[in-house]
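For reference, the structure is listed below as structure tokens.
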Amino acid sequence: MHKLTKPDHVWKKELTPEQYHVLREKGTEEAFSGKLWNHKEKGKYYCAACQSELFTSGEKFDSGCGWPSFTQPEHKEAIEEHMDTSHGMVRTEVTCAKCGGHLGHVFNDGPKPHGLRFCINSASLHFKK
């Protein structure tokens, strides 16, 4: 996959302040506050920064955590995983493989058959029917 790189001042122009905070500064929106946490329409979820296809509504489920949750990405190559030791925890961060934008984290407490819960910030996603 071709990597997309842009200087910070370009990202700041293209993204909302909340999107910039989440995607470029590895921030997190407050639980139950994002526009997509309880979203039920059929379609696909794309990276809000670079429009890469990330998840489908068929893999979305209600985990009760307050963020959009998915059992797996649309394509494994669409995301990258990194160890995150911030905030005194050890977690697995999920980023967009194309632009490096922070999406959220993945946990091993999801439903079968995959057993994964991709906990993703609404601000990092764009939905299309």
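So you can find residues: chains in the structure tokens are A, B, ... in the order shown, residues in each start at 1, and ligands are numbered from 1 in order.
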
- [ ] Fewer than 3 positions away in the same chain doesn't count, so skip those; otherwise give me all residues within 8 Å of stretch 72-76 of chain A, counting only C-alpha atoms, as number ranges by chain.
- [x] A: 53-56, 59, 79, 114, 116-118

- [ ] Would you list the contacts of A:Asp62 as a ChimeraX atom specification, taking every protein, DNA or RNA residue within 10 Å and counting only C-alpha atoms, but skipping same-chain residues closer than 2 positions in sequence?
- [x] /A:37-40,60,64-70

Output C-alpha atoms of each residue in that selection to a file, as a CSV table (one decimal), in the first residue's frame.
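To be explicit, this is the file written out as out_36.csv:
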```
chain,number,residue,atom,x,y,z
A,37,TRP,CA,-21.1,4.6,18.3
A,38,ASN,CA,-24.7,3.5,18.0
A,39,HIS,CA,-24.9,3.8,14.2
A,40,LYS,CA,-26.9,0.9,12.6
A,60,LYS,CA,-20.0,-3.9,13.6
A,64,GLY,CA,-21.5,-1.6,25.2
A,65,CYS,CA,-18.2,0.2,25.5
A,66,GLY,CA,-19.4,3.5,24.0
A,67,TRP,CA,-17.3,3.5,20.8
A,68,PRO,CA,-18.0,1.8,17.4
A,69,SER,CA,-16.9,-1.8,17.7
A,70,PHE,CA,-16.0,-4.2,14.9
```

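DSSP on the backbone gives helix (DSSP H, G or I) for these parts of stretch 56-92 of chain A: Ser57, Gly58, Glu59, Lys76, Glu77, Ala78, Ser86, His87 and Gly88 of chain A.
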
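Shortest atom-to-atom contact with A:Cys99 among A:Ala123, A:Leu36, A:Val22, A:Ala78: A:Ala78, counting only C-alpha atoms.
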
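Distances from A:Pro113, A:Gly43, A:Pro17, A:Gly101 to A:Gly58 were compared using only C-alpha atoms, and the smallest one belongs to A:Gly43.
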
- [ ] Run DSSP on the backbone and grab whatever in chain A lands in strand (DSSP E or B); send it over as number ranges by chain.
- [x] A: 44-47, 53-56, 60-61, 69-70, 79-84, 91-96, 102-107, 117-120, 125-128
